[in-house]
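K.L.:
Okay, handing you the structure first.
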Amino acid sequence: MCGIAGGVWYREERAIDRGLLDRMTDALTHRGPDDRGIFHTTLEQSRSSSLAASAPGVGLGFRRLSIIDLATGHQPLSNEDGSIQLIFNGEIYNYRDLRRRLEGSGHHFSTDSDSETIVHLYEDLGLECFSHLNGMFAIAIWDGRNNRLVLARDRMGKKPLFYAKQPGRIAFASELKSLTCLPDFPREIDPGSLDLYFTYQYIPHPSTIYKDVFKLPPGEIGVYESDQWRTQPFWNIDWACEIPQTKSQAIERLRELLIDSVKLRLRSDVPLGAFLSGGVDSSLLVAIAQGELKQPIKTFSIGFAESDFDETKYAQEVADRVGTEHRRFEVRPDALSILDKLVFHYDEPFSDSSALPTWYLCEETRKHVTVAISGDGGDELFAGYDRYRALRLSEQLSGYGLQKLLPRGGWLEKWGATSNRRSLIRKVYRFTEALDQPLARRYMRWLQIFNDESRWEMYQDGFAEQLPNRDPFSFLEHAWNRSGNRDSIAKASMADLQTYLPCDLMTKVDIASMAHSLEARQPFLDYRLVEFAAALPTSLKFSHGRGKQLLREAFRDWIPESIWKRPKMGFGIPVGAWFRGPLKAKTESLLLGSDARCHRFLRPDILRSMINRHMSGSSNEGYRLWNLLFLEAWLRRWE
């Protein structure tokens, strides 16, 4: 697991000299503290090269977290004649199978790393090579034979890759903070990206917070040659495809794929462990992993003093049953100091509050291991979210016209807006307020932080006039519609796999883990398992109002029955209480002060009203306030 940075340029004024490349690379030291490497040629050197008279300048920088092939895994790594140079962030889990195939066709290997497999595979297959990789990756290849830079990002967006294209140059990096080292980095904030942030709590690909700076979307390749940039997908999954099969067939295939996926992700030359929340997904992965290992696997869970947010008793139950070496950490988060750390590492506005417990979990886990198995993806693949149940129920009510009989407004609105996020009244309130919307809009209503009305009420007139003629809903809608005529739960879960999972969950885990030089691996997101689960009929995953039915049928006896039956908790924090306690003064100071940076976008009177409602208890604005506070802190740190 590593950090990569670099660029290719055709103009001298856009050159990335050796000193600048060093700074870009070392900005990623936390992603790779064990080693560094540089490949650099100037424009003049390239032009005198025998490879091509018009070759551009090239700079590739690499920071390494050593996981596999500790002795010889240095990068940049080249082919035999040096014409192809590679830097690579991630892990390729099927590299041994690929290596045997490549050796059979005459390639010679000087290392035992997965990186060298990519180099020789690219030599043989060109851009087609990425479709053969099973893993998580952000890859940069300088192809001196064709004078082109190739960038690629894994199918599920586990590893990030940013780029800035300007006339005469493209620059790229694992994190935005590396690109900001460029003296001519375009720092203009994109109003449309802010509108997306207030909607989703993250900025969807391909956008970033800055104009003219982008994220390479998951499953895509970018090619830069002759100062021209183009992108294309290398993974073309058909989200509308549903393959009928019997339950017994599906169970057999699921067992085969998930067990193999876990086994592949247990390969490591450094200490390995697993996150164990006590939920179904992490518990099942730990049980499978322990069955493959001779020694007890190290497992880690994090607890909070607030009982509504602590599920470590379930984690301990699983650890006792499976026989892991378990560690439980209880933290009392310092909301003030952690905000500054998150703002520094996440680089752009990102207000998923579960980033806080994820941060602490990664921090504690790294003290004991370098690699951790994580359960991300199980809910999306096997219909585990409560919101899928709500979607199905709302569809049934609408079909019979019963939504008109449900309570609206009045006491429900008042109590629902002020209740704890897990209270029944709050769930009913959020459920009923969206029932009049079309199905996709209804789902969007449950996901968004600020809805259309509240955003436009909050915006300054001048800022609103700068917004593009684009509905933020279109990002989710496009993903929703790619499922064709499938049922509502399939549409929602497939949309989440394309939007929420890569843009929120993968961003959250990547940044929190790599900030502590920890590698996180997600067996549920093996692309073979994703393709299999995406094509399953919903009836095999969801029945009797509950999801993950196929997982239960396939692995019923692997974890305690109480884990299968327990209610889903999520991975949250009590932000509402924090804003009435330790964050109260800082919130008022940052958001209402005369020097508040966000006031050029947002109306101070609306912010004050929101804060007053929350502090008085008349409504629960915790997650919205966290969204606003993160933005203000980000503006002060990075603008």
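Residue numbering restarts at 1 in every chain; chains get A, B, ... in the order shown in the structure tokens, and ligands count up from 1 in that same order.
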Please list as a PyMOL selection string every residue within 12 Å of Glu80 (chain A), counting only C-alpha atoms and excluding residues in the same chain fewer than 4 positions away.
P.N.:
chain A and resi 84-85+107-110+116+119-120+123
K.L.:
When you look at His516 (chain A) with a cut-off of 7 Å (counting only C-alpha atoms), what residues show up, excluding the ones that are within fewer than 5 positions of it in the same chain? I need them as a list of chain:residue names.
P.N.:
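Surrounding residues, per the criterion: A:His30, A:Cys362, A:Glu363, A:Arg366.
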K.L.:
If you run DSSP on the backbone here, which positions in region 71-251 of chain A get strand (DSSP E or B)? Please write them as an MDAnalysis selection string.
P.N.:
chainID A and resid 77:78 84:92 135:143 148:153 162:166 169:173 189 207 210 213:215 220:225 228:233
K.L.:
Hey, which of A:His205, A:Lys565, A:Lys177, A:Arg31 ends up closest to Pro502 (chain A)? Count only C-alpha atoms.
P.N.:
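The closest residue to Pro502 (chain A) is A:His205.
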K.L.:
Find the residue from A:Thr29, A:Ser178, A:Ser562, A:Ser83 that sits nearest to Arg63 (chain A); use only C-alpha atoms when measuring.
P.N.:
A:Thr29
K.L.:
Tell me, as a PyMOL selection string, which residues lie within 10 Å of Pro233 (chain A), counting only C-alpha atoms; anything in the same chain fewer than 2 positions away does not count.
P.N.:
chain A and resi 131+152-153+155+217-222+231+235-236
K.L.:
Mind writing the picked residues with N, CA and C atoms as a CSV table (one decimal), in the first residue's frame?
P.N.:
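Listed below is the output, part_6.csv:
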chain,number,residue,atom,x,y,z
A,131,SER,N,-8.1,-5.3,-17.0
A,131,SER,CA,-9.3,-6.1,-16.8
A,131,SER,C,-8.9,-7.5,-16.2
A,152,ALA,N,-4.9,4.2,-14.1
A,152,ALA,CA,-6.0,3.3,-14.0
A,152,ALA,C,-6.4,3.2,-12.5
A,153,ARG,N,-7.7,3.0,-12.3
A,153,ARG,CA,-8.2,2.9,-10.9
A,153,ARG,C,-9.1,1.7,-10.8
A,155,ARG,N,-11.9,-1.3,-9.9
A,155,ARG,CA,-13.3,-1.3,-10.3
A,155,ARG,C,-14.2,-0.7,-9.2
A,217,PRO,N,-12.7,8.1,-12.3
A,217,PRO,CA,-13.8,7.3,-11.8
A,217,PRO,C,-13.4,5.8,-11.6
A,218,PRO,N,-14.0,5.1,-10.7
A,218,PRO,CA,-13.7,3.7,-10.5
A,218,PRO,C,-13.8,2.9,-11.9
A,219,GLY,N,-12.9,1.9,-12.1
A,219,GLY,CA,-13.0,1.1,-13.2
A,219,GLY,C,-12.7,1.8,-14.5
A,220,GLU,N,-12.0,2.9,-14.5
A,220,GLU,CA,-11.6,3.6,-15.7
A,220,GLU,C,-10.1,3.7,-15.9
A,221,ILE,N,-9.8,3.9,-17.1
A,221,ILE,CA,-8.4,4.2,-17.6
A,221,ILE,C,-8.3,5.6,-18.1
A,222,GLY,N,-7.2,6.3,-17.8
A,222,GLY,CA,-7.0,7.6,-18.5
A,222,GLY,C,-5.7,7.5,-19.2
A,231,THR,N,-10.4,9.3,-21.4
A,231,THR,CA,-10.7,8.2,-20.4
A,231,THR,C,-11.6,7.2,-21.1
A,235,TRP,N,-14.0,-1.8,-17.1
A,235,TRP,CA,-15.0,-2.8,-16.5
A,235,TRP,C,-16.4,-2.3,-16.9
A,236,ASN,N,-17.1,-3.2,-17.6
A,236,ASN,CA,-18.4,-2.8,-18.2
A,236,ASN,C,-19.5,-3.8,-17.6
K.L.:
So which residues touch Asp281 (chain A) within 10 Å, counting only C-alpha atoms, skipping near sequence neighbours fewer than 4 positions away, as a PyMOL selection string?
P.N.:
chain A and resi 276-277+285-286+374-379+384+524+548+551+563-564
K.L.:
Write a file of the selected residues as a CSV table (one decimal), in the first residue's frame, keeping all heavy atoms.
P.N.:
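File written: out-v9.csv
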chain,number,residue,atom,x,y,z
A,276,LEU,N,-13.4,-5.9,13.7
A,276,LEU,CA,-14.5,-6.7,14.2
A,276,LEU,C,-15.5,-5.8,14.9
A,276,LEU,O,-15.3,-5.5,16.1
A,276,LEU,CB,-14.0,-7.9,15.1
A,276,LEU,CG,-15.1,-8.8,15.6
A,276,LEU,CD1,-15.9,-9.4,14.5
A,276,LEU,CD2,-14.5,-9.9,16.5
A,277,SER,N,-16.6,-5.4,14.2
A,277,SER,CA,-17.6,-4.6,14.8
A,277,SER,C,-18.6,-5.3,15.6
A,277,SER,O,-19.3,-4.8,16.5
A,277,SER,CB,-18.3,-3.7,13.8
A,277,SER,OG,-19.1,-4.6,13.0
A,285,LEU,N,-16.5,-12.5,8.0
A,285,LEU,CA,-15.2,-12.5,7.5
A,285,LEU,C,-14.1,-13.0,8.5
A,285,LEU,O,-13.2,-13.7,8.1
A,285,LEU,CB,-14.8,-11.1,7.0
A,285,LEU,CG,-15.6,-10.5,5.8
A,285,LEU,CD1,-15.1,-9.1,5.4
A,285,LEU,CD2,-15.6,-11.4,4.6
A,286,VAL,N,-14.3,-12.6,9.7
A,286,VAL,CA,-13.3,-13.0,10.8
A,286,VAL,C,-13.4,-14.5,10.9
A,286,VAL,O,-12.4,-15.2,11.1
A,286,VAL,CB,-13.6,-12.3,12.1
A,286,VAL,CG1,-12.9,-13.0,13.3
A,286,VAL,CG2,-13.1,-10.8,12.0
A,374,SER,N,-11.5,-5.7,6.4
A,374,SER,CA,-12.7,-4.9,6.7
A,374,SER,C,-13.9,-5.4,6.0
A,374,SER,O,-13.8,-6.0,4.9
A,374,SER,CB,-12.4,-3.4,6.2
A,374,SER,OG,-13.5,-2.6,6.4
A,375,GLY,N,-15.1,-5.2,6.6
A,375,GLY,CA,-16.3,-5.8,6.0
A,375,GLY,C,-17.1,-4.9,5.1
A,375,GLY,O,-18.3,-5.2,4.9
A,376,ASP,N,-16.5,-3.9,4.5
A,376,ASP,CA,-17.2,-3.0,3.6
A,376,ASP,C,-17.8,-3.7,2.4
A,376,ASP,O,-17.1,-4.6,1.9
A,376,ASP,CB,-16.3,-1.9,3.1
A,376,ASP,CG,-15.6,-1.1,4.3
A,376,ASP,OD1,-16.3,-0.5,5.0
A,376,ASP,OD2,-14.4,-1.3,4.4
A,377,GLY,N,-19.0,-3.3,2.0
A,377,GLY,CA,-19.6,-3.9,0.8
A,377,GLY,C,-20.7,-4.9,1.1
A,377,GLY,O,-21.5,-5.1,0.2
A,378,GLY,N,-20.7,-5.5,2.2
A,378,GLY,CA,-21.7,-6.5,2.5
A,378,GLY,C,-23.2,-6.0,2.4
A,378,GLY,O,-24.1,-6.7,1.9
A,379,ASP,N,-23.4,-4.8,2.9
A,379,ASP,CA,-24.8,-4.3,2.9
A,379,ASP,C,-25.2,-4.0,1.5
A,379,ASP,O,-26.4,-4.2,1.2
A,379,ASP,CB,-24.8,-3.0,3.8
A,379,ASP,CG,-24.7,-3.3,5.3
A,379,ASP,OD1,-25.5,-4.1,5.8
A,379,ASP,OD2,-23.9,-2.7,6.0
A,384,GLY,N,-28.5,-5.2,2.9
A,384,GLY,CA,-28.5,-5.2,4.4
A,384,GLY,C,-28.9,-3.9,5.0
A,384,GLY,O,-29.2,-3.8,6.2
A,524,PHE,N,-15.4,-8.6,0.6
A,524,PHE,CA,-16.7,-8.5,-0.1
A,524,PHE,C,-16.6,-7.8,-1.5
A,524,PHE,O,-17.5,-8.0,-2.3
A,524,PHE,CB,-17.7,-7.8,0.8
A,524,PHE,CG,-18.4,-8.7,1.8
A,524,PHE,CD1,-18.2,-8.4,3.1
A,524,PHE,CD2,-19.2,-9.7,1.4
A,524,PHE,CE1,-18.8,-9.2,4.1
A,524,PHE,CE2,-19.8,-10.5,2.4
A,524,PHE,CZ,-19.6,-10.3,3.7
A,548,LYS,N,-29.8,-9.9,3.6
A,548,LYS,CA,-28.7,-10.8,3.9
A,548,LYS,C,-29.1,-12.2,4.1
A,548,LYS,O,-28.5,-13.0,4.8
A,548,LYS,CB,-27.8,-10.3,5.0
A,548,LYS,CG,-27.2,-9.0,4.8
A,548,LYS,CD,-26.2,-8.6,5.8
A,548,LYS,CE,-25.6,-7.2,5.5
A,548,LYS,NZ,-24.7,-6.7,6.6
A,551,LEU,N,-26.7,-14.8,2.6
A,551,LEU,CA,-25.5,-15.0,3.4
A,551,LEU,C,-25.8,-15.9,4.6
A,551,LEU,O,-25.0,-16.7,5.0
A,551,LEU,CB,-25.0,-13.6,4.0
A,551,LEU,CG,-24.1,-12.7,3.1
A,551,LEU,CD1,-23.8,-11.4,3.8
A,551,LEU,CD2,-22.8,-13.5,2.8
A,563,ILE,N,-25.9,-12.8,16.4
A,563,ILE,CA,-25.4,-11.8,15.4
A,563,ILE,C,-26.3,-11.7,14.2
A,563,ILE,O,-26.5,-10.6,13.7
A,563,ILE,CB,-24.0,-12.2,15.0
A,563,ILE,CG1,-23.1,-12.3,16.3
A,563,ILE,CG2,-23.4,-11.2,14.1
A,563,ILE,CD1,-23.0,-11.0,17.1
A,564,TRP,N,-26.8,-12.8,13.8
A,564,TRP,CA,-27.7,-12.8,12.6
A,564,TRP,C,-29.0,-12.0,13.0
A,564,TRP,O,-29.6,-11.4,12.1
A,564,TRP,CB,-28.1,-14.2,12.2
A,564,TRP,CG,-27.0,-15.0,11.6
A,564,TRP,CD1,-26.4,-16.1,12.1
A,564,TRP,CD2,-26.4,-14.7,10.3
A,564,TRP,NE1,-25.4,-16.5,11.2
A,564,TRP,CE2,-25.4,-15.7,10.1
A,564,TRP,CE3,-26.5,-13.8,9.3
A,564,TRP,CZ2,-24.6,-15.8,9.0
A,564,TRP,CZ3,-25.7,-13.8,8.2
A,564,TRP,CH2,-24.8,-14.8,8.0
K.L.:
May I ask which of the residues A:Leu133, A:Ala533, A:Ile449, A:Ala274 is the closest one to Trp626 (chain A), counting only C-alpha atoms?
P.N.:
A:Ile449
K.L.:
Just the alpha helix (DSSP H) stuff from region 64-113 of chain A, please, per backbone DSSP, written as a count of residues only.
P.N.:
10
K.L.:
Can you list, as a CSV table (one decimal) with N, CA and C atoms, in the first residue's frame, every protein, DNA or RNA residue that comes within 10 Å of region 185-199 of chain A when you count only C-alpha atoms, leaving out same-chain residues fewer than 5 positions away?
P.N.:
chain,number,residue,atom,x,y,z
A,164,ALA,N,-4.9,16.7,-12.5
A,164,ALA,CA,-5.2,18.1,-12.9
A,164,ALA,C,-4.6,18.2,-14.3
A,165,LYS,N,-5.4,18.5,-15.3
A,165,LYS,CA,-5.0,18.6,-16.7
A,165,LYS,C,-5.0,20.1,-17.1
A,166,GLN,N,-3.8,20.6,-17.4
A,166,GLN,CA,-3.6,22.0,-17.9
A,166,GLN,C,-2.9,22.0,-19.3
A,171,ALA,N,-0.9,16.4,-14.2
A,171,ALA,CA,-0.3,16.0,-13.0
A,171,ALA,C,-1.3,15.1,-12.2
A,179,LEU,N,-1.0,17.3,-5.0
A,179,LEU,CA,-1.1,18.2,-6.1
A,179,LEU,C,-1.0,19.7,-5.8
A,180,THR,N,-1.5,20.0,-4.5
A,180,THR,CA,-1.4,21.4,-4.1
A,180,THR,C,0.0,21.9,-3.9
A,204,PRO,N,-19.0,13.8,-5.3
A,204,PRO,CA,-18.9,12.6,-6.2
A,204,PRO,C,-17.9,12.8,-7.3
A,205,HIS,N,-17.4,11.6,-7.7
A,205,HIS,CA,-16.5,11.6,-8.9
A,205,HIS,C,-17.3,12.0,-10.2
A,207,SER,N,-15.8,14.9,-10.0
A,207,SER,CA,-15.6,16.2,-9.5
A,207,SER,C,-14.7,16.2,-8.3
A,208,THR,N,-14.0,17.3,-8.0
A,208,THR,CA,-13.4,17.6,-6.7
A,208,THR,C,-13.8,19.0,-6.3
A,209,ILE,N,-13.3,19.4,-5.2
A,209,ILE,CA,-13.7,20.7,-4.7
A,209,ILE,C,-13.2,21.8,-5.6
A,210,TYR,N,-12.2,21.5,-6.4
A,210,TYR,CA,-11.5,22.5,-7.2
A,210,TYR,C,-12.0,22.4,-8.7
A,211,LYS,N,-12.2,23.6,-9.3
A,211,LYS,CA,-12.4,23.6,-10.8
A,211,LYS,C,-11.1,23.0,-11.4
A,212,ASP,N,-11.4,22.3,-12.5
A,212,ASP,CA,-10.3,21.8,-13.4
A,212,ASP,C,-9.4,20.7,-12.7
A,213,VAL,N,-9.9,20.2,-11.6
A,213,VAL,CA,-9.1,19.0,-10.9
A,213,VAL,C,-10.2,17.9,-10.7
A,348,GLU,N,-10.5,17.5,1.0
A,348,GLU,CA,-11.6,18.2,0.5
A,348,GLU,C,-12.8,18.0,1.4
A,349,PRO,N,-13.8,18.8,1.4
A,349,PRO,CA,-14.9,18.6,2.3
A,349,PRO,C,-15.5,17.2,2.3
A,350,PHE,N,-15.6,16.6,3.5
A,350,PHE,CA,-16.1,15.2,3.6
A,350,PHE,C,-16.7,15.1,5.0
A,351,SER,N,-18.0,14.9,5.1
A,351,SER,CA,-18.6,15.0,6.4
A,351,SER,C,-19.3,13.8,6.9
A,444,MET,N,-33.5,9.3,-2.6
A,444,MET,CA,-32.6,10.4,-2.5
A,444,MET,C,-32.9,11.2,-1.2
A,445,ARG,N,-34.2,11.4,-1.0
A,445,ARG,CA,-34.6,12.2,0.2
A,445,ARG,C,-34.1,11.6,1.5
A,447,LEU,N,-31.3,9.9,1.8
A,447,LEU,CA,-29.8,10.0,1.8
A,447,LEU,C,-29.3,11.4,2.0
A,448,GLN,N,-29.9,12.4,1.5
A,448,GLN,CA,-29.3,13.7,1.4
A,448,GLN,C,-29.2,14.4,2.8
A,449,ILE,N,-28.2,15.2,2.9
A,449,ILE,CA,-28.0,16.0,4.1
A,449,ILE,C,-28.9,17.2,4.1
A,450,PHE,N,-28.7,18.1,3.1
A,450,PHE,CA,-29.6,19.2,2.9
A,450,PHE,C,-30.5,18.9,1.7
A,451,ASN,N,-31.8,19.0,1.8
A,451,ASN,CA,-32.6,18.8,0.6
A,451,ASN,C,-32.6,20.1,-0.3
A,452,ASP,N,-33.3,20.1,-1.4
A,452,ASP,CA,-33.3,21.2,-2.3
A,452,ASP,C,-33.7,22.5,-1.6
A,454,SER,N,-33.8,23.4,1.6
A,454,SER,CA,-33.0,23.9,2.6
A,454,SER,C,-31.7,24.4,2.1
A,455,ARG,N,-31.2,23.8,1.0
A,455,ARG,CA,-29.9,24.4,0.4
A,455,ARG,C,-30.2,25.7,-0.2
A,456,TRP,N,-31.2,25.9,-1.0
A,456,TRP,CA,-31.5,27.2,-1.6
A,456,TRP,C,-31.8,28.3,-0.6
A,459,TYR,N,-28.3,29.4,0.7
A,459,TYR,CA,-27.3,30.0,-0.2
A,459,TYR,C,-27.4,31.5,-0.3
A,463,PHE,N,-23.8,33.4,-4.7
A,463,PHE,CA,-23.4,32.0,-4.9
A,463,PHE,C,-24.4,31.2,-5.7
A,464,ALA,N,-25.6,31.3,-5.4
A,464,ALA,CA,-26.7,30.6,-6.1
A,464,ALA,C,-26.6,30.9,-7.6
A,465,GLU,N,-26.3,32.1,-8.0
A,465,GLU,CA,-26.2,32.5,-9.4
A,465,GLU,C,-25.0,31.8,-10.1
A,466,GLN,N,-24.0,31.3,-9.4
A,466,GLN,CA,-22.8,30.7,-9.9
A,466,GLN,C,-23.0,29.2,-10.2
A,467,LEU,N,-24.1,28.6,-9.6
A,467,LEU,CA,-24.3,27.2,-9.7
A,467,LEU,C,-24.6,26.8,-11.1
A,468,PRO,N,-24.1,25.6,-11.5
A,468,PRO,CA,-24.4,25.1,-12.9
A,468,PRO,C,-25.8,24.7,-13.0
A,469,ASN,N,-26.3,24.6,-14.2
A,469,ASN,CA,-27.6,24.2,-14.5
A,469,ASN,C,-27.6,22.6,-14.4
A,470,ARG,N,-27.5,22.1,-13.2
A,470,ARG,CA,-27.4,20.7,-13.0
A,470,ARG,C,-28.0,20.3,-11.7
A,471,ASP,N,-28.9,19.4,-11.7
A,471,ASP,CA,-29.5,18.9,-10.5
A,471,ASP,C,-28.6,17.9,-9.8
A,472,PRO,N,-28.2,18.1,-8.5
A,472,PRO,CA,-27.3,17.1,-7.8
A,472,PRO,C,-27.9,15.7,-7.8
A,473,PHE,N,-29.2,15.6,-7.9
A,473,PHE,CA,-29.9,14.3,-8.0
A,473,PHE,C,-29.4,13.5,-9.2
A,475,PHE,N,-26.6,12.6,-10.3
A,475,PHE,CA,-25.5,11.6,-10.0
A,475,PHE,C,-26.1,10.3,-9.5
A,601,PHE,N,-20.6,32.0,0.8
A,601,PHE,CA,-21.5,31.1,0.1
A,601,PHE,C,-22.9,31.0,0.8
A,624,ARG,N,-26.2,18.1,9.9
A,624,ARG,CA,-26.0,19.3,9.0
A,624,ARG,C,-24.9,20.2,9.6
A,627,ASN,N,-21.6,18.9,8.8
A,627,ASN,CA,-21.3,19.2,7.4
A,627,ASN,C,-20.8,20.6,7.2
A,628,LEU,N,-21.4,21.6,7.9
A,628,LEU,CA,-21.0,23.0,7.8
A,628,LEU,C,-19.7,23.2,8.5
A,631,LEU,N,-16.8,22.0,6.5
A,631,LEU,CA,-16.5,22.9,5.4
A,631,LEU,C,-15.7,24.2,5.9
A,635,LEU,N,-12.0,25.2,4.7
A,635,LEU,CA,-11.7,26.5,4.1
A,635,LEU,C,-10.5,27.2,4.7
A,638,TRP,N,-7.2,24.8,3.9
A,638,TRP,CA,-6.7,24.5,2.6
A,638,TRP,C,-6.9,25.6,1.5
A,639,GLU,N,-7.8,26.6,1.8
A,639,GLU,CA,-8.1,27.6,0.7
A,639,GLU,C,-6.9,28.5,0.6
K.L.:
Using only C-alpha atoms, which protein or nucleic acid residues come within 8 Å of Tyr385 (chain A)? Drop anything in the same chain fewer than 5 positions from it, and give the result as a list in words.
P.N.:
Asp379, Glu380, Gly547 and Lys568 of chain A
K.L.:
Check which residues of region 459-544 of chain A sit at most 6 Å from region 367-371 of chain A using only C-alpha atoms, and return one row each with the closest pair of atoms and their distance in Å to one decimal, ordered by chain and rising number, as a tab-separated table.
P.N.:
residue	atom	partner	partner_atom	distance
A:Leu518	CA	A:Thr370	CA	5.1
A:Glu519	CA	A:Val371	CA	4.6
A:Ala520	CA	A:Val371	CA	5.9
K.L.:
The selected residues should be written to file as a tab-separated table (two decimals), in the first residue's frame (atoms: all heavy atoms).
P.N.:
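In the end it all went to selection.tsv:
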chain	number	residue	atom	x	y	z
A	518	LEU	N	-1.77	2.09	7.54
A	518	LEU	CA	-2.45	0.81	7.71
A	518	LEU	C	-3.14	0.45	6.40
A	518	LEU	O	-3.82	1.29	5.81
A	518	LEU	CB	-3.48	0.89	8.83
A	518	LEU	CG	-4.36	-0.34	9.08
A	518	LEU	CD1	-3.54	-1.46	9.72
A	518	LEU	CD2	-5.56	0.02	9.95
A	519	GLU	N	-2.98	-0.79	5.95
A	519	GLU	CA	-3.67	-1.24	4.75
A	519	GLU	C	-4.97	-1.93	5.13
A	519	GLU	O	-4.98	-2.84	5.96
A	519	GLU	CB	-2.80	-2.19	3.94
A	519	GLU	CG	-3.50	-2.75	2.70
A	519	GLU	CD	-2.61	-3.66	1.89
A	519	GLU	OE1	-1.50	-3.23	1.53
A	519	GLU	OE2	-3.03	-4.80	1.62
A	520	ALA	N	-6.09	-1.51	4.51
A	520	ALA	CA	-7.39	-2.14	4.74
A	520	ALA	C	-7.79	-2.92	3.49
A	520	ALA	O	-7.71	-2.39	2.38
A	520	ALA	CB	-8.44	-1.09	5.07
K.L.:
When you count only C-alpha atoms, which of these residues is closest to Leu28 (chain A): A:Leu254, A:Ala15, A:Leu65, A:Leu293?
P.N.:
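Going through A:Leu254, A:Ala15, A:Leu65, A:Leu293 one by one, the smallest distance to Leu28 (chain A) is for A:Leu65.
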K.L.:
Report, in Å to a single decimal, how far apart CA of Tyr200 (chain A) and CA of Ser609 (chain A) are.
P.N.:
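Answer for the CA of Ser609 (chain A) to CA of Tyr200 (chain A) separation: 21.9 Å.
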K.L.:
Could you pull the residues within 9 Å of Asp496 (chain A), counting only C-alpha atoms, minus those fewer than 5 positions along the same chain, as a list in words?
P.N.:
Glu380, Leu476, Ala479, Trp480, Lys491, Leu501 and Pro502 of chain A
K.L.:
Next, the residues of the selection above should be written as a PDB file, in the first residue's frame with C-alpha atoms.
P.N.:
ATOM      1  CA  GLU A 380     -24.791  -3.065  -0.657  1.00  0.00           C
ATOM      2  CA  LEU A 476     -27.705   9.136  -8.097  1.00  0.00           C
ATOM      3  CA  ALA A 479     -26.696   5.084 -11.327  1.00  0.00           C
ATOM      4  CA  TRP A 480     -30.302   4.180 -10.417  1.00  0.00           C
ATOM      5  CA  LYS A 491     -31.995  -0.437  -8.092  1.00  0.00           C
ATOM      6  CA  LEU A 501     -19.689   3.005  -1.693  1.00  0.00           C
ATOM      7  CA  PRO A 502     -16.794   4.435  -3.779  1.00  0.00           C
TER       8      PRO A 502
END
K.L.:
In Å, rounded to a single decimal, give me how far CA of Gln290 (chain A) is from CA of Ala515 (chain A).
P.N.:
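Taking CA of Ala515 (chain A) as the start and CA of Gln290 (chain A) as the end point, the length is 27.2 Å.
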K.L.:
Which of these, A:Phe39, A:Tyr93, A:Phe214, A:Tyr527, has the shortest distance to Gln75 (chain A) once you count only C-alpha atoms?
P.N.:
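The answer is A:Phe39, which sits nearest to Gln75 (chain A).
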